[in-house]
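Here the structure is laid out as structure tokens; the discussion comes afterwards.
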Amino acid sequence: MRGALAIRGLSKSYRGHPAVRDVTLDIAPGELVTLLGPSGCGKTTLLRLVAGFESPDAGSLSISGRDMTSVPPHKRPVNTVFQHYALFPHRSVAGNVAFGLELRGLSAPEIEHRVARALGLVRLDGLGERGVHELSGGQKQRVALARALVLEPELLLLDEPMAALDPKLRHEMRIELKNLQERLGITFLFVTHDQDEALVLSDRIAVMNHAKIEQVDAPETLYERPRTRFAADFLGVQNLFRASVLDVSGGIARVATAGGLQLQANDDGGYRKDAAVWVGLRAERISLVERASNVFEGAIDDEIFLGDWTEWRVRTSGETVSVGEGNVLARARRRGDAVTLSFPKEAVLRLEDGEASE
Amino acid sequence: MKRERRIAALLLAPSLLLLLVLFYLPQALLFVVSLGRRSAYGGVVRDLSLDNYLRALEPLYLGILGRSLALAAATTVLCLVVGFPVAWWLARRVPARLRGALLALVVLPFWTSFLVRMYAWVVLLRSEGIVNLALGAFGLPRAELLYNDAAVLIGQVYGELPFMIVPLYVSLEKLDGALVEAAADCGASPARAFASVVVPLALPGIAAGCLLVFIPSLGAYLAPDMLGGGRTAYVGSLIQSQFAVARDMPFGAALSFVLSLGVILLLLVFRRPLRAAQAL
């Protein structure tokens with residue numbers, strides 16, 4: 001049970017404006033779960049509720065099986081890596097890491113030993129005497145991590161810890177953080193608005209939008225099978241169409257988009273004849289070469305060069321479809337070319353409109 | 001470069017001239033006076049003796065200086081205790097759009113003369129004053145509230161409080177709230193977080209506020225004179241009485257230099273911690 005987090009119906013509003021609405025989430029010991037969503041979706045508020053910096057209007061939460069709903073932050077077995085690190089400017093690197101240990105009344109040699117070990121863990125050996133203002137952004141982040149880890153929390157909370165780092169460093173820190181988490185086996189609850197970060201790091205991702213969790217799944221599942229329009233959009237599904245169901249038979253649903261594109265999709269049991277749905281289609285699942293069950297003629301309207309691949313905007317039957325193609329093939333095409341685009345039935349994602357169902 | 005320096009000198013000239021003519025020159029004259037003797041009719045006989053300074057260090061006067069130090073220290077501590085929550089509330093709890101207006105309210109008493117504000121306390125505290133009338137209305141016995149050290153302290157704290165609140169406000173407003181949360185996150189109770197994080201980081205404001213309250217309180221004259229009943233129990237009143245009542249200008253001048261010297265010594269003692277605080 002050590003390290004388990006159970007959130008039950010947690011809600012929090014600010015002046016009548018809901019920041020977290022009826023959120024229920026279970027995290028297993030040793031799991032790394034990401035709260036993913038745009039700014040203002042409530043992910044940071046949820047994290048602060050778990051840390052104890054905010055108290056909920058309704059609901060409960062327990063950590064390691066103990067109810068923590070009304071326990072003040074300094075008594076929770078939880079530590080936080082803050083977004084801008086929140087290092088104490090009047091203390092040295094070692095002084096920052098030692099702070100929590102001093103509060104626990106450990107002996108000076110014991111503190112020294114543990115601080116050295118924590119600094120080693122984040123590869124800051126020998127920098128203990130530095131002032132925190134002498135550090136680079138990446139080093140500050142490591143100090144914040146060491147300060148939290150040295151207290152051996154049952155649950156580590158990370159509030160967009162990479163947001164202030166440059167992209168290359170961010171990539172390195174992701175891998176390092178993931179390794180560290182696997183090695184220590186501490187439960188991590190990680191807040192980010194960066195879908196790549198969430199995909200790389202997480203055991204499971206909780207997608208948040210408008211104060212609610214829309215979907216919780218493993219990265220692969222979430223990527224392959226987003227369930228809501230918002231989740232699909234946020235995870236980079238380029239083609240989202242409002243559509244209506246024409247008919248459902250033999251495990252196949254036929255839908256028509258608002259622009260008039262008629263698609264065949266595998267029926268997942270959620271299609272109802274004449275009902276309005278959202279469907280999504282990843283650009284990389286559409287081919288300009290192969291032939292599958294859905295085939296449309298079109299012409300290239302626009303191109304977006306993305307390095308190792310190109311995104312074509314293809315105009316077809318009243319809709320513009322984004323098609324991704326690796327640059328080995330893409331080099332042969334140019335704007336205005338007539339193309340045939342095609343994708344299998346299983347590439348069509350049925351999406352719930354989380355926002356409309358409110 | 002040369003031009004810039006000329007302009008700088010030109011801009012500085014009025015204030016330098018003012019300081020020179022209205023401060024340093026009188027101070028120098030006063031110093032000369034302090035080395036002289038009182039004539040039989042209250043004039044000054046020029047001399048070059050340290051007798052006045054030796055007299056100022058007699059136990060009687062050292063005792064008065066000690067009382068002034070105690071008053072200044074008590075005023076400073078009370079202002080800090082009363083002012084800190086106000087500054088905290090203004091800087092961290094009040095919505096930003098209201099802060100300016102509320103801060104103006106803190107400074108508003110300065111629009112009224114200190115003398116008038118001290119007289120207001122006389123009205124409040126005297127035996128037929130509002131406080132005693134209120135006590136009487138509740139059937140409580142009247143209290144002698146005026147013309148004692150407590151009344152002096154009340155007036156002094158009231159008068160100096162804005163000088164404490166404003167610098168505290170400035171440094172508390174800059175304090176990053178996440179640091180207080182980080183302290184709690186590391187296991188610090190609110191009291192511990194206050195002592196270990198808030199106080200060290202607010203030290204520049206605390207130091208500035210304490211100095212701004214302590215120094216004028218040391219030489220306070222109006223509050224002791226009006227609320228303390230005008231007895232020369234504090235050094236400010238003592239100096240005033242040497243000039244105005246005893247007609248002993250040389251001794252008064254010597255006393256005022258002893259007081260200045262005391263302040264300078266205190267500043268020197270606190271210079272290091274102050275500078276350390278400013279470096280943060």
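Chains: A, B, ... in order of the structure tokens. Residues: from 1 per chain. Ligands: from 1, in order shown.
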Residues of chain A within 12 Å of chain B: nearest atom pair and distance (Å, one decimal) for each, counting only C-alpha atoms, sorted by chain and number, as a Markdown table?
| residue | atom | partner | partner_atom | distance |
| --- | --- | --- | --- | --- |
| A:Arg48 | CA | B:Glu181 | CA | 10.0 |
| A:Val50 | CA | B:Asp185 | CA | 11.3 |
| A:Ala51 | CA | B:Asp185 | CA | 7.6 |
| A:Gly52 | CA | B:Asp185 | CA | 8.8 |
| A:Phe53 | CA | B:Glu181 | CA | 7.1 |
| A:Glu54 | CA | B:Glu181 | CA | 10.7 |
| A:Val71 | CA | B:Ser189 | CA | 12.0 |
| A:Pro72 | CA | B:Ala184 | CA | 8.6 |
| A:Pro73 | CA | B:Ala184 | CA | 6.0 |
| A:His74 | CA | B:Gly187 | CA | 4.1 |
| A:Lys75 | CA | B:Gly187 | CA | 6.3 |
| A:Arg76 | CA | B:Gly187 | CA | 8.0 |
| A:Pro77 | CA | B:Gly187 | CA | 9.0 |
| A:Val78 | CA | B:Asp185 | CA | 7.3 |
| A:Asn79 | CA | B:Asp185 | CA | 5.7 |
| A:Thr80 | CA | B:Asp185 | CA | 6.6 |
| A:Val81 | CA | B:Ala182 | CA | 8.6 |
| A:Phe82 | CA | B:Ala178 | CA | 7.7 |
| A:Gln83 | CA | B:Ala178 | CA | 9.2 |
| A:His84 | CA | B:Ala178 | CA | 8.5 |
| A:Tyr85 | CA | B:Ala178 | CA | 8.5 |
| A:Ala86 | CA | B:Leu179 | CA | 5.2 |
| A:Leu87 | CA | B:Leu179 | CA | 6.9 |
| A:Phe88 | CA | B:Leu179 | CA | 6.5 |
| A:Pro89 | CA | B:Leu280 | CA | 7.2 |
| A:His90 | CA | B:Leu280 | CA | 6.7 |
| A:Arg91 | CA | B:Val197 | CA | 9.6 |
| A:Gly95 | CA | B:Ser196 | CA | 11.6 |
| A:Asn96 | CA | B:Cys186 | CA | 9.7 |
| A:Val97 | CA | B:Cys186 | CA | 9.3 |
| A:Ala98 | CA | B:Cys186 | CA | 9.5 |
| A:Phe99 | CA | B:Cys186 | CA | 7.0 |
| A:Gly100 | CA | B:Cys186 | CA | 4.6 |
| A:Leu101 | CA | B:Cys186 | CA | 8.2 |
| A:Glu102 | CA | B:Cys186 | CA | 9.7 |
| A:Leu103 | CA | B:Ala188 | CA | 6.6 |
| A:Arg104 | CA | B:Gly187 | CA | 7.9 |
| A:Gly105 | CA | B:Gly187 | CA | 11.2 |
| A:Gly131 | CA | B:Leu280 | CA | 10.7 |
| A:Val132 | CA | B:Leu280 | CA | 11.2 |
| A:His133 | CA | B:Leu280 | CA | 9.9 |
| A:Ala144 | CA | B:Ala182 | CA | 9.6 |
| A:Leu145 | CA | B:Cys186 | CA | 11.9 |
| A:Ala146 | CA | B:Cys186 | CA | 11.5 |
| A:Arg147 | CA | B:Cys186 | CA | 8.0 |
| A:Ala148 | CA | B:Cys186 | CA | 7.3 |
| A:Leu149 | CA | B:Cys186 | CA | 10.2 |
| A:Val150 | CA | B:Cys186 | CA | 9.8 |
| A:Leu151 | CA | B:Cys186 | CA | 7.6 |
| A:Glu152 | CA | B:Cys186 | CA | 10.8 |
| A:Pro153 | CA | B:Cys186 | CA | 9.9 |
| A:Leu155 | CA | B:Asp185 | CA | 11.9 |
| A:Leu156 | CA | B:Asp185 | CA | 10.7 |
| A:Leu157 | CA | B:Asp185 | CA | 10.4 |
| A:Asp159 | CA | B:Ala178 | CA | 11.7 |
Which residues come within 9 Å of B:Ile154, counting only C-alpha atoms, excluding same-chain residues fewer than 5 positions away, as a PyMOL selection string?
chain B and resi 75+121+149+159+223+227
Write out as a PDB file with C-alpha atoms, in the first residue's frame all residues of stretch 41-168 of chain B that DSSP puts in helix (DSSP H, G or I) for this structure's backbone.
ATOM      1  CA  ASP B  51      33.230  69.363  30.973  1.00  0.00           C
ATOM      2  CA  ASN B  52      29.786  69.219  29.356  1.00  0.00           C
ATOM      3  CA  TYR B  53      30.518  65.787  27.916  1.00  0.00           C
ATOM      4  CA  LEU B  54      31.802  64.506  31.240  1.00  0.00           C
ATOM      5  CA  ARG B  55      28.644  65.856  32.863  1.00  0.00           C
ATOM      6  CA  ALA B  56      26.511  64.137  30.220  1.00  0.00           C
ATOM      7  CA  PRO B  59      24.855  58.474  36.217  1.00  0.00           C
ATOM      8  CA  LEU B  60      21.807  60.755  36.331  1.00  0.00           C
ATOM      9  CA  TYR B  61      22.031  61.536  32.626  1.00  0.00           C
ATOM     10  CA  LEU B  62      23.177  58.055  31.627  1.00  0.00           C
ATOM     11  CA  GLY B  63      20.045  56.788  33.367  1.00  0.00           C
ATOM     12  CA  ILE B  64      17.905  59.093  31.242  1.00  0.00           C
ATOM     13  CA  LEU B  65      19.756  57.946  28.136  1.00  0.00           C
ATOM     14  CA  GLY B  66      19.089  54.368  29.230  1.00  0.00           C
ATOM     15  CA  ARG B  67      15.363  55.113  29.606  1.00  0.00           C
ATOM     16  CA  SER B  68      15.370  56.579  26.101  1.00  0.00           C
ATOM     17  CA  LEU B  69      17.070  53.470  24.771  1.00  0.00           C
ATOM     18  CA  ALA B  70      14.449  51.340  26.507  1.00  0.00           C
ATOM     19  CA  LEU B  71      11.639  53.464  25.064  1.00  0.00           C
ATOM     20  CA  ALA B  72      13.123  53.249  21.573  1.00  0.00           C
ATOM     21  CA  ALA B  73      13.647  49.491  21.887  1.00  0.00           C
ATOM     22  CA  ALA B  74      10.121  48.920  23.219  1.00  0.00           C
ATOM     23  CA  THR B  75       8.669  51.127  20.478  1.00  0.00           C
ATOM     24  CA  THR B  76      10.597  49.199  17.826  1.00  0.00           C
ATOM     25  CA  VAL B  77       9.589  45.786  19.117  1.00  0.00           C
ATOM     26  CA  LEU B  78       5.925  46.783  19.473  1.00  0.00           C
ATOM     27  CA  CYS B  79       5.880  48.356  16.003  1.00  0.00           C
ATOM     28  CA  LEU B  80       7.391  45.169  14.580  1.00  0.00           C
ATOM     29  CA  VAL B  81       4.880  42.940  16.371  1.00  0.00           C
ATOM     30  CA  VAL B  82       1.912  45.131  15.409  1.00  0.00           C
ATOM     31  CA  GLY B  83       3.171  46.059  11.940  1.00  0.00           C
ATOM     32  CA  PHE B  84       4.213  42.637  10.673  1.00  0.00           C
ATOM     33  CA  PRO B  85       0.712  41.121  10.451  1.00  0.00           C
ATOM     34  CA  VAL B  86      -0.569  44.309   8.811  1.00  0.00           C
ATOM     35  CA  ALA B  87       2.251  44.303   6.256  1.00  0.00           C
ATOM     36  CA  TRP B  88       1.760  40.572   5.637  1.00  0.00           C
ATOM     37  CA  TRP B  89      -1.947  41.043   5.109  1.00  0.00           C
ATOM     38  CA  LEU B  90      -1.415  44.020   2.796  1.00  0.00           C
ATOM     39  CA  ALA B  91       1.324  42.347   0.764  1.00  0.00           C
ATOM     40  CA  ARG B  92      -0.012  38.813   0.491  1.00  0.00           C
ATOM     41  CA  ARG B  93      -3.707  38.603   1.300  1.00  0.00           C
ATOM     42  CA  ALA B  96      -3.609  43.712  -5.800  1.00  0.00           C
ATOM     43  CA  ARG B  97      -6.072  46.389  -6.910  1.00  0.00           C
ATOM     44  CA  LEU B  98      -6.866  47.352  -3.282  1.00  0.00           C
ATOM     45  CA  ARG B  99      -3.261  47.402  -2.080  1.00  0.00           C
ATOM     46  CA  GLY B 100      -2.432  50.937  -3.195  1.00  0.00           C
ATOM     47  CA  ALA B 101      -5.502  52.386  -1.503  1.00  0.00           C
ATOM     48  CA  LEU B 102      -4.915  50.475   1.740  1.00  0.00           C
ATOM     49  CA  LEU B 103      -1.243  51.405   1.784  1.00  0.00           C
ATOM     50  CA  ALA B 104      -2.302  55.039   1.381  1.00  0.00           C
ATOM     51  CA  LEU B 105      -4.482  54.601   4.483  1.00  0.00           C
ATOM     52  CA  VAL B 106      -1.412  53.446   6.413  1.00  0.00           C
ATOM     53  CA  VAL B 107       0.452  56.615   5.457  1.00  0.00           C
ATOM     54  CA  LEU B 108      -2.595  58.889   5.765  1.00  0.00           C
ATOM     55  CA  PRO B 109      -1.894  60.003   9.393  1.00  0.00           C
ATOM     56  CA  PHE B 110       1.190  61.812   8.063  1.00  0.00           C
ATOM     57  CA  TRP B 111      -1.151  64.361   6.547  1.00  0.00           C
ATOM     58  CA  PHE B 114       2.537  64.919  14.726  1.00  0.00           C
ATOM     59  CA  LEU B 115       1.691  67.497  17.386  1.00  0.00           C
ATOM     60  CA  VAL B 116      -2.011  67.309  16.605  1.00  0.00           C
ATOM     61  CA  ARG B 117      -1.941  63.515  16.609  1.00  0.00           C
ATOM     62  CA  MET B 118      -0.247  63.477  19.998  1.00  0.00           C
ATOM     63  CA  TYR B 119      -2.824  65.909  21.300  1.00  0.00           C
ATOM     64  CA  ALA B 120      -5.513  63.538  20.039  1.00  0.00           C
ATOM     65  CA  TRP B 121      -4.065  60.908  22.358  1.00  0.00           C
ATOM     66  CA  VAL B 122      -4.257  63.359  25.227  1.00  0.00           C
ATOM     67  CA  VAL B 123      -7.963  63.762  24.477  1.00  0.00           C
ATOM     68  CA  LEU B 124      -8.382  59.988  24.387  1.00  0.00           C
ATOM     69  CA  LEU B 125      -6.393  59.148  27.485  1.00  0.00           C
ATOM     70  CA  ILE B 130     -13.043  59.064  25.807  1.00  0.00           C
ATOM     71  CA  VAL B 131     -11.453  55.872  27.128  1.00  0.00           C
ATOM     72  CA  ASN B 132     -12.266  56.733  30.712  1.00  0.00           C
ATOM     73  CA  LEU B 133     -15.797  57.797  29.787  1.00  0.00           C
ATOM     74  CA  ALA B 134     -16.239  54.406  28.112  1.00  0.00           C
ATOM     75  CA  LEU B 135     -14.872  52.634  31.173  1.00  0.00           C
ATOM     76  CA  GLY B 136     -17.274  54.643  33.352  1.00  0.00           C
ATOM     77  CA  ALA B 137     -20.214  53.750  31.128  1.00  0.00           C
ATOM     78  CA  ASP B 149       5.527  55.787  30.456  1.00  0.00           C
ATOM     79  CA  ALA B 150       2.778  53.590  28.999  1.00  0.00           C
ATOM     80  CA  ALA B 151       1.107  56.630  27.456  1.00  0.00           C
ATOM     81  CA  VAL B 152       4.441  57.732  25.986  1.00  0.00           C
ATOM     82  CA  LEU B 153       4.939  54.274  24.503  1.00  0.00           C
ATOM     83  CA  ILE B 154       1.423  54.184  23.032  1.00  0.00           C
ATOM     84  CA  GLY B 155       1.902  57.574  21.389  1.00  0.00           C
ATOM     85  CA  GLN B 156       5.328  56.670  20.130  1.00  0.00           C
ATOM     86  CA  VAL B 157       4.213  53.312  18.645  1.00  0.00           C
ATOM     87  CA  TYR B 158       1.220  54.983  17.041  1.00  0.00           C
ATOM     88  CA  GLY B 159       3.377  57.708  15.535  1.00  0.00           C
ATOM     89  CA  GLU B 160       6.151  55.483  14.196  1.00  0.00           C
ATOM     90  CA  LEU B 161       4.087  52.499  13.015  1.00  0.00           C
ATOM     91  CA  PRO B 162       3.867  53.537   9.324  1.00  0.00           C
ATOM     92  CA  PHE B 163       7.683  53.685   9.178  1.00  0.00           C
ATOM     93  CA  MET B 164       7.690  50.006  10.131  1.00  0.00           C
ATOM     94  CA  ILE B 165       4.814  48.858   7.925  1.00  0.00           C
ATOM     95  CA  VAL B 166       6.011  50.364   4.653  1.00  0.00           C
ATOM     96  CA  PRO B 167       9.488  48.732   4.458  1.00  0.00           C
ATOM     97  CA  LEU B 168       8.050  45.438   5.745  1.00  0.00           C
TER      98      LEU B 168
END
So which residues touch A:Glu154 within 8 Å, counting only C-alpha atoms, skipping near sequence neighbours fewer than 4 positions away, as number ranges by chain?
A: 2-3, 63-64, 77-78, 186-187
A:Asp194: which residues within 10 Å, counting only C-alpha atoms, same-chain residues fewer than 5 positions away excluded, as an MDAnalysis selection string?
chainID A and resid 36:38 160 162:163 199 234:235
Skip B:Ser127 itself and residues of its chain fewer than 3 positions away, then list as a ChimeraX atom specification all residues within 8 Å of it, counting only C-alpha atoms.
/B:132,142-146
Resulting file, chosen residues, C-alpha atoms, as a PDB file, in the first residue's frame:
ATOM      1  CA  ASN B 132     -12.266  56.733  30.712  1.00  0.00           C
ATOM      2  CA  ARG B 142     -11.369  55.161  35.954  1.00  0.00           C
ATOM      3  CA  ALA B 143      -7.734  54.571  35.162  1.00  0.00           C
ATOM      4  CA  GLU B 144      -4.842  56.992  35.172  1.00  0.00           C
ATOM      5  CA  LEU B 145      -3.877  56.559  31.542  1.00  0.00           C
ATOM      6  CA  LEU B 146      -2.083  59.777  30.807  1.00  0.00           C
TER       7      LEU B 146
END
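The gap separating atom CA of B:Ser256 from atom CA of B:Arg271 is 22.4 Å, in Å to one decimal.
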Tell me which protein, DNA and RNA residues are within 8 Å of A:Ser55, counting only C-alpha atoms, leaving out same-chain ones fewer than 2 positions away, and put them as a PDB file with N, CA and C atoms, in the first residue's frame.
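Produced file result-v8.pdb, reproduced below:
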ATOM      1  N   LYS A  12     -12.908  21.302  -6.263  1.00  0.00           N
ATOM      2  CA  LYS A  12     -12.402  22.563  -5.718  1.00  0.00           C
ATOM      3  C   LYS A  12     -12.792  23.695  -6.648  1.00  0.00           C
ATOM      4  N   LEU A  49      -3.926  19.991  -4.374  1.00  0.00           N
ATOM      5  CA  LEU A  49      -4.848  19.333  -3.439  1.00  0.00           C
ATOM      6  C   LEU A  49      -4.169  18.105  -2.826  1.00  0.00           C
ATOM      7  N   GLY A  52      -1.625  19.244  -0.393  1.00  0.00           N
ATOM      8  CA  GLY A  52      -2.229  19.824   0.803  1.00  0.00           C
ATOM      9  C   GLY A  52      -2.190  21.337   0.826  1.00  0.00           C
ATOM     10  N   PHE A  53      -1.717  21.963  -0.264  1.00  0.00           N
ATOM     11  CA  PHE A  53      -1.666  23.428  -0.302  1.00  0.00           C
ATOM     12  C   PHE A  53      -3.054  24.015  -0.503  1.00  0.00           C
ATOM     13  N   ASP A  57     -13.266  21.250  -1.663  1.00  0.00           N
ATOM     14  CA  ASP A  57     -14.638  21.585  -1.277  1.00  0.00           C
ATOM     15  C   ASP A  57     -15.423  20.306  -1.006  1.00  0.00           C
ATOM     16  N   THR A  69      -7.292  13.832   3.663  1.00  0.00           N
ATOM     17  CA  THR A  69      -8.109  14.930   3.164  1.00  0.00           C
ATOM     18  C   THR A  69      -7.904  16.222   3.951  1.00  0.00           C
ATOM     19  N   SER A  70      -7.810  16.100   5.286  1.00  0.00           N
ATOM     20  CA  SER A  70      -7.682  17.338   6.062  1.00  0.00           C
ATOM     21  C   SER A  70      -6.356  17.400   6.825  1.00  0.00           C
TER      22      SER A  70
END
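Considering only C-alpha atoms, the residue among A:Glu346, A:Glu352, A:Asp274, A:Asp196 positioned nearest to A:Thr228 is A:Glu352.
Look at A:Ala231: the protein and nucleic acid residues within 8 Å of it, using only C-alpha atoms and passing over chain neighbours fewer than 5 places away, are Val207, Glu214, Gln215 and Pro226 of chain A.
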Per-residue DSSP, stretch 178-357 of chain A, filtered to strand (DSSP E), as a ChimeraX atom specification
/A:187-192,204-209,212-217,239-249,252-257,262-266,276-281,294-305,309-316,319-326,338-343,349-351
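Atom CA of A:Lys43 lies 7.6 Å from atom CA of A:Ala211.
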